[in-house]
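**Q** Can you keep this structure in mind? I'll have questions shortly.
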Amino acid sequence: MNLFLDGIAWLFDPAHYGGANGIDTRVGEHLAISGLVLLIAAVIAIPLGFVIGHTGKGRFLVIALSGGVRALPTLGFIAVLALGIGIGLEAPLIALVVLAIPSILAGAYSGFEAVDRRTIDAARSVGMTEWQVVTKVELPLGLPLLIGGLRSAALQVIATATLADYVGGGGLGHFIFLGQQTQDYPQMLAGSILVVVLALLSEAVFSIVQRLVVPAGVTAGRPKDARVRSSRPRVATGS
Amino acid sequence: MIEFHSVRKQFPDGTLAVEDFSLVLPSRKTTVFVGSSGSGKTTLLRMINRMVDPSSGVIEIDGADTSSLEPVALRRRIGYVMQNSGLLPHFKVIDNVATVPVLSGLPKKQAREQALALLDTVGLDRALADRYPSQLSGGQQQRVGVARGLAANPNILLMDEPFGAVDPIVRAELQVELIRLQRELDKTVVFVTHDIDEAFLLGDQVVILETGGRIAQVGSPTEILSAPANEFVASFIGADKGKRALSIRKTPTGDVLVDSEGRAAGVLVKSSEAP
């Protein structure tokens with residue numbers, strides 16, 4: 001308990017603010033790394049997830065990726081990458097992007113898949129182009145699940161971005177690694193607390209966004225509006 | 001006028017939905033495809049607006065081969081009404097109705113004004129315009145679906161079991177409404193159903209289909225009822241039993257019509273008194 005109080009006290013010590021190793025600077029770095037990672041991962045995973053969700057092809061890829069990549073030890077991966085491309089931000093960035101992609105991919109893909117086939121068929125029947133089906137129907141209706149994917153990716157990335165400083169990438173890992181090496185446990189604990197707080201904040205923000213993006217008609221009228229079927233028959237045979 | 005010339009459709013999974021189908025669907029009339037599951041009736045309907053492309057054969061609309069027409073443009077000028085309304089859950093009623101005109105580039109304000117007028121046409125209160133589909137009853141949703149089908153003022157209206165999912169009372173109401181609409185608007189309607197009573201009620205031309213889109217009989221309800229082409233048609237329309245097989249029974253107080261179970265079903269009146 002003492003140690004915990006020491007950790008809190010460390011956080012509120014004005015001497016630990018400002019400068020290259022100040023808490024404010026490191027929090028900023030940590031957020032910048034996490035944000036950049038999410039951005040890169042989103043740019044890769046969202047279009048890919050949409051293509052898979054829209055066409056219904058390549059589902060095995062999502063399953064294999066999310067299973068396989070989650071088993072990859074990120075610290076080891078960073079170390080290996082750093083051996084190849086050197087110390088700095090690149091190695092942890094790549095490793096974290098790889099970590100973030102499966103969640104976002106699964107969110108984007110399942111968001112598309114969750115849209116009722118009949119709704120999509122109807123949209124196409126009245127004369128929407130494929131692009132309009134994506135932007136006017138699949139995207140708005142699948143957005144909550146996509147945000148859900150981003151949410152879990154953000155949580156993982158913020159927690160794991162502590163490893164970036166292992167190879168000199170910066171961020172809140174600095175306090176944890178430095179605290180460990182110098183046996184300054186209050187500092188180590190303070191670093192962990194900061195990471196936890198950031199993770200919780202990100203959860204809070206994403207859960208609010210996730211609520212906000214649920215399209216009005218989907219919640220209106222029926223509080224417990226369960227999403228109907230997610231099966232995707234390839235062709236409608238005559239019936 | 002819609003013409004099918006030796007149309008065949010085999011799906012990639014091997015299902016032969018339609019073997020060899022040829023038929024002319026006259027303009028400004030209602031043609032009903034009726035048959036049980038697997039008769040290919042929905043496939044036939046969906047080939048008209050190229051939601052399904054035939055494996056071989058030609059479909060012409062007013063003489064133009066549909067395969068030469070761009071599918072999206074074609075679909076926008078053909079109204080489509082489906083079971084469970086197929087409304088977009090995140091669009092308000094008014095925007096659902098205005099979907100096609102807006103897609104075709106009509107300014108939103110103008111499209112919404114038209115859509116409001118269409119709500120009147122299909123007998124919906126304008127107050128429902130700002131609701132979402134999930135806030136409407138099944139019957140109301142179907143009416144919105146019909147309004148959307150009419151929004152682009154198409155010559156052709158395709159209806160795929162549009163009243164299949166509503167209760168019998170609402171269905172009867174919607175059927176009467178559709179007959180009224182058809183009288184007012186004079187569209188070429190292609191209607192798919194598995195309900196023979198609905199087919200006889202709505203169809204000018206009724207097409208009874210067997211498995212694989214084989215035509216068992218084509219004709220007006222009167223022609224089919226008075227002379228079923230074969231046993232399949234006779235049993236499908238129930239000509240030999242129930243309320244279709246009526247006979248006259250003389251009673252002390254006058255003649256009554258009885259059904260095959262011997263229950264009184266009605267009386268014979270002079271044709272001038274019957275509409």
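Identifiers in the structure tokens: chain A, B, ... in order shown; residue index from 1 per chain; ligand index from 1 in order shown.
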Write out as a JSON list (two decimals) with N, CA and C atoms, in the first residue's frame which residues come within 8 Å of Val233 in chain B when counting only C-alpha atoms, dropping same-chain ones fewer than 6 positions away.

**A**
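The resulting file, part_25.json, is reproduced below:
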[["chain", "number", "residue", "atom", "x", "y", "z"],
["B", 208, "ILE", "N", -49.42, -20.06, -63.99],
["B", 208, "ILE", "CA", -49.20, -21.10, -62.97],
["B", 208, "ILE", "C", -47.94, -21.87, -63.34],
["B", 216, "ALA", "N", -47.50, -24.24, -66.39],
["B", 216, "ALA", "CA", -48.55, -25.25, -66.38],
["B", 216, "ALA", "C", -49.77, -24.71, -67.12],
["B", 217, "GLN", "N", -50.03, -23.44, -66.93],
["B", 217, "GLN", "CA", -51.14, -22.82, -67.65],
["B", 217, "GLN", "C", -51.02, -21.30, -67.55]]

**Q** Neighbouring residues of range 110-113 of chain B were defined as those with any atom within 10 Å, considering only C-alpha atoms; residues of the same chain fewer than 5 positions away were excluded. Please report them as a PyMOL selection string.

**A** chain B and resi 94-102+105+118+129+151-152

**Q** Could you write out the selected residues, including N, CA and C atoms, as a short mmCIF file (atom, residue, chain, number, x, y, z; two decimals), in the first residue's frame?

**A**
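Saved file result22.cif follows:
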data_model
loop_
_atom_site.label_atom_id
_atom_site.label_comp_id
_atom_site.auth_asym_id
_atom_site.auth_seq_id
_atom_site.Cartn_x
_atom_site.Cartn_y
_atom_site.Cartn_z
N ILE B 94 -39.85 9.04 -45.17
CA ILE B 94 -39.85 9.97 -46.30
C ILE B 94 -38.61 9.76 -47.18
N ASP B 95 -37.46 9.50 -46.53
CA ASP B 95 -36.24 9.32 -47.30
C ASP B 95 -36.19 7.96 -47.98
N ASN B 96 -36.84 6.98 -47.36
CA ASN B 96 -36.96 5.69 -48.02
C ASN B 96 -37.74 5.83 -49.32
N VAL B 97 -38.85 6.56 -49.25
CA VAL B 97 -39.67 6.74 -50.44
C VAL B 97 -38.90 7.52 -51.50
N ALA B 98 -38.12 8.51 -51.04
CA ALA B 98 -37.41 9.39 -51.97
C ALA B 98 -36.10 8.79 -52.48
N THR B 99 -35.76 7.58 -52.03
CA THR B 99 -34.45 7.00 -52.36
C THR B 99 -34.11 7.09 -53.84
N VAL B 100 -34.98 6.53 -54.68
CA VAL B 100 -34.63 6.43 -56.10
C VAL B 100 -34.54 7.80 -56.78
N PRO B 101 -35.53 8.70 -56.59
CA PRO B 101 -35.38 10.02 -57.21
C PRO B 101 -34.09 10.74 -56.76
N VAL B 102 -33.73 10.60 -55.48
CA VAL B 102 -32.50 11.24 -55.01
C VAL B 102 -31.29 10.61 -55.69
N GLY B 105 -30.66 11.95 -58.96
CA GLY B 105 -30.15 13.32 -59.03
C GLY B 105 -31.18 14.40 -58.79
N LEU B 118 -46.79 10.86 -52.48
CA LEU B 118 -46.91 9.42 -52.67
C LEU B 118 -47.47 8.73 -51.43
N ALA B 129 -44.19 10.42 -41.95
CA ALA B 129 -43.03 10.69 -42.81
C ALA B 129 -41.71 10.70 -42.05
N ALA B 151 -42.01 5.68 -56.68
CA ALA B 151 -41.42 7.01 -56.58
C ALA B 151 -40.83 7.53 -57.88
N ALA B 152 -40.23 6.65 -58.66
CA ALA B 152 -39.60 7.13 -59.89
C ALA B 152 -40.61 7.19 -61.04
#

**Q** Using only C-alpha atoms, tabulate the residues of chain B lying at most 7 Å from any atom of chain A, each with its closest atom pair and that distance in Å to one decimal, by chain and increasing residue number, as a Markdown table.

**A**
| residue | atom | partner | partner_atom | distance |
| --- | --- | --- | --- | --- |
| B:Ala17 | CA | A:Gly238 | CA | 6.0 |
| B:Ser37 | CA | A:Ser239 | CA | 4.4 |
| B:Gly38 | CA | A:Ser239 | CA | 4.7 |
| B:Ser39 | CA | A:Ser239 | CA | 6.3 |
| B:Gly40 | CA | A:Gly238 | CA | 4.2 |
| B:Lys41 | CA | A:Gly238 | CA | 6.0 |
| B:Thr42 | CA | A:Gly238 | CA | 4.8 |
| B:Thr43 | CA | A:Gly238 | CA | 4.4 |
| B:Met51 | CA | A:Ser125 | CA | 6.6 |
| B:Val72 | CA | A:Gly127 | CA | 4.8 |
| B:Ala73 | CA | A:Gly127 | CA | 6.8 |
| B:Arg75 | CA | A:Gly127 | CA | 4.8 |
| B:Arg76 | CA | A:Gly127 | CA | 4.8 |
| B:Tyr80 | CA | A:Val126 | CA | 6.2 |
| B:Gly86 | CA | A:Ala122 | CA | 5.2 |
| B:Leu87 | CA | A:Thr119 | CA | 6.7 |
| B:Leu88 | CA | A:Thr119 | CA | 6.2 |
| B:Pro89 | CA | A:Gly217 | CA | 5.4 |
| B:His90 | CA | A:Gly217 | CA | 4.4 |
| B:Phe91 | CA | A:Gly217 | CA | 6.6 |
| B:Val100 | CA | A:Val126 | CA | 6.6 |
| B:Tyr132 | CA | A:Gly217 | CA | 5.0 |
| B:Ser134 | CA | A:Gly221 | CA | 6.2 |
| B:Gln135 | CA | A:Gly221 | CA | 5.0 |

**Q** Just write the chosen residues, N, CA and C atoms, as a PDB file, in the first residue's frame.

**A**
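Result file is result_13.pdb:
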ATOM      1  N   ALA B  17     -33.120 -23.147 -62.046  1.00  0.00           N
ATOM      2  CA  ALA B  17     -34.309 -22.442 -61.561  1.00  0.00           C
ATOM      3  C   ALA B  17     -35.359 -22.328 -62.663  1.00  0.00           C
ATOM      4  N   SER B  37     -42.696 -23.200 -53.807  1.00  0.00           N
ATOM      5  CA  SER B  37     -41.258 -22.966 -53.696  1.00  0.00           C
ATOM      6  C   SER B  37     -40.524 -23.776 -54.754  1.00  0.00           C
ATOM      7  N   GLY B  38     -39.518 -23.153 -55.371  1.00  0.00           N
ATOM      8  CA  GLY B  38     -38.736 -23.873 -56.354  1.00  0.00           C
ATOM      9  C   GLY B  38     -39.324 -23.826 -57.751  1.00  0.00           C
ATOM     10  N   SER B  39     -40.406 -23.054 -57.920  1.00  0.00           N
ATOM     11  CA  SER B  39     -40.993 -22.966 -59.253  1.00  0.00           C
ATOM     12  C   SER B  39     -40.290 -21.904 -60.099  1.00  0.00           C
ATOM     13  N   GLY B  40     -39.347 -21.192 -59.490  1.00  0.00           N
ATOM     14  CA  GLY B  40     -38.559 -20.215 -60.247  1.00  0.00           C
ATOM     15  C   GLY B  40     -39.247 -18.882 -60.432  1.00  0.00           C
ATOM     16  N   LYS B  41     -40.344 -18.651 -59.708  1.00  0.00           N
ATOM     17  CA  LYS B  41     -41.114 -17.432 -59.958  1.00  0.00           C
ATOM     18  C   LYS B  41     -40.344 -16.171 -59.556  1.00  0.00           C
ATOM     19  N   THR B  42     -39.642 -16.232 -58.415  1.00  0.00           N
ATOM     20  CA  THR B  42     -38.868 -15.062 -57.998  1.00  0.00           C
ATOM     21  C   THR B  42     -37.700 -14.826 -58.954  1.00  0.00           C
ATOM     22  N   THR B  43     -37.076 -15.917 -59.399  1.00  0.00           N
ATOM     23  CA  THR B  43     -35.971 -15.783 -60.355  1.00  0.00           C
ATOM     24  C   THR B  43     -36.449 -15.102 -61.635  1.00  0.00           C
ATOM     25  N   MET B  51     -31.519  -8.247 -61.633  1.00  0.00           N
ATOM     26  CA  MET B  51     -30.939  -8.656 -60.358  1.00  0.00           C
ATOM     27  C   MET B  51     -30.361 -10.054 -60.535  1.00  0.00           C
ATOM     28  N   VAL B  72     -28.011  -0.709 -63.313  1.00  0.00           N
ATOM     29  CA  VAL B  72     -28.409   0.291 -62.321  1.00  0.00           C
ATOM     30  C   VAL B  72     -29.474   1.236 -62.885  1.00  0.00           C
ATOM     31  N   ALA B  73     -29.257   1.687 -64.121  1.00  0.00           N
ATOM     32  CA  ALA B  73     -30.232   2.590 -64.752  1.00  0.00           C
ATOM     33  C   ALA B  73     -31.557   1.870 -64.966  1.00  0.00           C
ATOM     34  N   ARG B  75     -32.772  -0.665 -63.207  1.00  0.00           N
ATOM     35  CA  ARG B  75     -33.462  -0.864 -61.928  1.00  0.00           C
ATOM     36  C   ARG B  75     -34.124   0.413 -61.454  1.00  0.00           C
ATOM     37  N   ARG B  76     -33.482   1.554 -61.753  1.00  0.00           N
ATOM     38  CA  ARG B  76     -34.063   2.820 -61.287  1.00  0.00           C
ATOM     39  C   ARG B  76     -35.342   3.171 -62.017  1.00  0.00           C
ATOM     40  N   TYR B  80     -39.747  -1.661 -57.566  1.00  0.00           N
ATOM     41  CA  TYR B  80     -39.539  -2.980 -56.990  1.00  0.00           C
ATOM     42  C   TYR B  80     -40.075  -2.987 -55.565  1.00  0.00           C
ATOM     43  N   GLY B  86     -38.241  -4.393 -47.297  1.00  0.00           N
ATOM     44  CA  GLY B  86     -36.890  -4.082 -47.759  1.00  0.00           C
ATOM     45  C   GLY B  86     -36.513  -2.629 -47.574  1.00  0.00           C
ATOM     46  N   LEU B  87     -37.124  -1.980 -46.596  1.00  0.00           N
ATOM     47  CA  LEU B  87     -36.802  -0.567 -46.361  1.00  0.00           C
ATOM     48  C   LEU B  87     -35.447  -0.461 -45.683  1.00  0.00           C
ATOM     49  N   LEU B  88     -34.806   0.691 -45.869  1.00  0.00           N
ATOM     50  CA  LEU B  88     -33.531   0.900 -45.210  1.00  0.00           C
ATOM     51  C   LEU B  88     -33.813   1.345 -43.769  1.00  0.00           C
ATOM     52  N   PRO B  89     -33.354   0.562 -42.777  1.00  0.00           N
ATOM     53  CA  PRO B  89     -33.760   0.820 -41.390  1.00  0.00           C
ATOM     54  C   PRO B  89     -33.277   2.166 -40.853  1.00  0.00           C
ATOM     55  N   HIS B  90     -32.208   2.700 -41.455  1.00  0.00           N
ATOM     56  CA  HIS B  90     -31.644   3.940 -40.915  1.00  0.00           C
ATOM     57  C   HIS B  90     -32.116   5.170 -41.688  1.00  0.00           C
ATOM     58  N   PHE B  91     -33.046   4.973 -42.630  1.00  0.00           N
ATOM     59  CA  PHE B  91     -33.640   6.098 -43.358  1.00  0.00           C
ATOM     60  C   PHE B  91     -35.039   6.328 -42.818  1.00  0.00           C
ATOM     61  N   VAL B 100     -34.980   6.533 -54.677  1.00  0.00           N
ATOM     62  CA  VAL B 100     -34.632   6.427 -56.095  1.00  0.00           C
ATOM     63  C   VAL B 100     -34.537   7.801 -56.775  1.00  0.00           C
ATOM     64  N   TYR B 132     -39.142   6.125 -38.404  1.00  0.00           N
ATOM     65  CA  TYR B 132     -38.265   5.124 -38.992  1.00  0.00           C
ATOM     66  C   TYR B 132     -39.073   3.843 -39.233  1.00  0.00           C
ATOM     67  N   SER B 134     -38.790   0.851 -38.377  1.00  0.00           N
ATOM     68  CA  SER B 134     -39.028  -0.033 -37.229  1.00  0.00           C
ATOM     69  C   SER B 134     -40.159   0.464 -36.338  1.00  0.00           C
ATOM     70  N   GLN B 135     -40.583   1.728 -36.536  1.00  0.00           N
ATOM     71  CA  GLN B 135     -41.666   2.266 -35.715  1.00  0.00           C
ATOM     72  C   GLN B 135     -43.036   2.054 -36.361  1.00  0.00           C
TER      73      GLN B 135
END

**Q** Taking only range 147-275 of chain B into account, list the residues labelled helix (DSSP H, G or I) by DSSP (computed from the backbone), as a PyMOL selection string.

**A** chain B and resi 147-150+168-185+196-202+211-213+221-226+231-237+242-244

**Q** Those same residues - C-alpha atoms - I'd like them written as a short mmCIF file (atom, residue, chain, number, x, y, z; two decimals), in the first residue's frame.

**A**
data_model
loop_
_atom_site.label_atom_id
_atom_site.label_comp_id
_atom_site.auth_asym_id
_atom_site.auth_seq_id
_atom_site.Cartn_x
_atom_site.Cartn_y
_atom_site.Cartn_z
CA ALA B 147 -44.71 4.14 -52.32
CA ARG B 148 -40.96 3.69 -52.85
CA GLY B 149 -41.64 1.40 -55.80
CA LEU B 150 -43.78 4.13 -57.36
CA PRO B 168 -54.64 -11.89 -43.45
CA ILE B 169 -56.78 -8.87 -42.58
CA VAL B 170 -54.07 -6.37 -43.49
CA ARG B 171 -53.24 -8.42 -46.58
CA ALA B 172 -56.83 -8.21 -47.80
CA GLU B 173 -56.73 -4.45 -47.23
CA LEU B 174 -53.48 -4.09 -49.17
CA GLN B 175 -54.78 -6.22 -52.03
CA VAL B 176 -57.86 -4.02 -52.41
CA GLU B 177 -55.61 -0.99 -52.23
CA LEU B 178 -53.36 -2.37 -54.96
CA ILE B 179 -56.35 -2.98 -57.23
CA ARG B 180 -57.39 0.65 -56.68
CA LEU B 181 -53.85 1.88 -57.37
CA GLN B 182 -53.59 -0.18 -60.52
CA ARG B 183 -56.88 1.29 -61.75
CA GLU B 184 -55.57 4.82 -61.10
CA LEU B 185 -51.98 4.47 -62.22
CA ILE B 196 -53.62 -18.78 -55.69
CA ASP B 197 -56.45 -16.69 -54.21
CA GLU B 198 -54.23 -13.63 -54.33
CA ALA B 199 -53.27 -14.49 -57.91
CA PHE B 200 -56.89 -14.75 -59.03
CA LEU B 201 -57.81 -11.57 -57.17
CA LEU B 202 -55.06 -9.39 -58.63
CA THR B 211 -40.84 -26.79 -60.89
CA GLY B 212 -38.14 -25.24 -63.08
CA GLY B 213 -40.32 -22.41 -64.31
CA PRO B 221 -58.58 -16.32 -63.78
CA THR B 222 -61.83 -17.17 -65.56
CA GLU B 223 -60.09 -19.23 -68.22
CA ILE B 224 -58.03 -21.14 -65.69
CA LEU B 225 -60.94 -21.81 -63.34
CA SER B 226 -63.31 -22.85 -66.09
CA GLU B 231 -54.48 -32.29 -63.06
CA PHE B 232 -51.63 -30.25 -61.62
CA VAL B 233 -53.45 -26.99 -62.28
CA ALA B 234 -56.74 -28.40 -61.06
CA SER B 235 -55.25 -29.50 -57.78
CA PHE B 236 -53.15 -26.34 -57.44
CA ILE B 237 -56.15 -24.07 -57.78
CA GLY B 242 -63.42 -26.54 -50.84
CA LYS B 243 -64.93 -23.24 -51.84
CA ARG B 244 -63.97 -23.59 -55.52
#

**Q** Tell me, in Å to one decimal, how far CA of Val98 in chain A is from CA of Ile44 in chain A.

**A**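 Computed distance, CA of Val98 in chain A to CA of Ile44 in chain A, equals 10.2 Å.
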
**Q** When distances are computed from only C-alpha atoms, which of A:His174, A:His16, A:Arg211, A:Arg59 shows the smallest separation from Leu145 in chain A?

**A**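 The shortest atom-to-atom distance to Leu145 in chain A comes from A:Arg211.
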
**Q** As an NGL selection string, please: the residues near range 1-10 of chain A (cut-off 8 Å, only C-alpha atoms, same-chain neighbours under 6 positions excluded).

**A** :A and (16 or 185-190)

**Q** Identify which of the residues B:Val52, B:Leu25, B:Leu157, B:Leu103 lies closest to Gly79 in chain B, counting only C-alpha atoms when measuring atom-to-atom distances.

**A**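 Closest candidate: B:Leu157.
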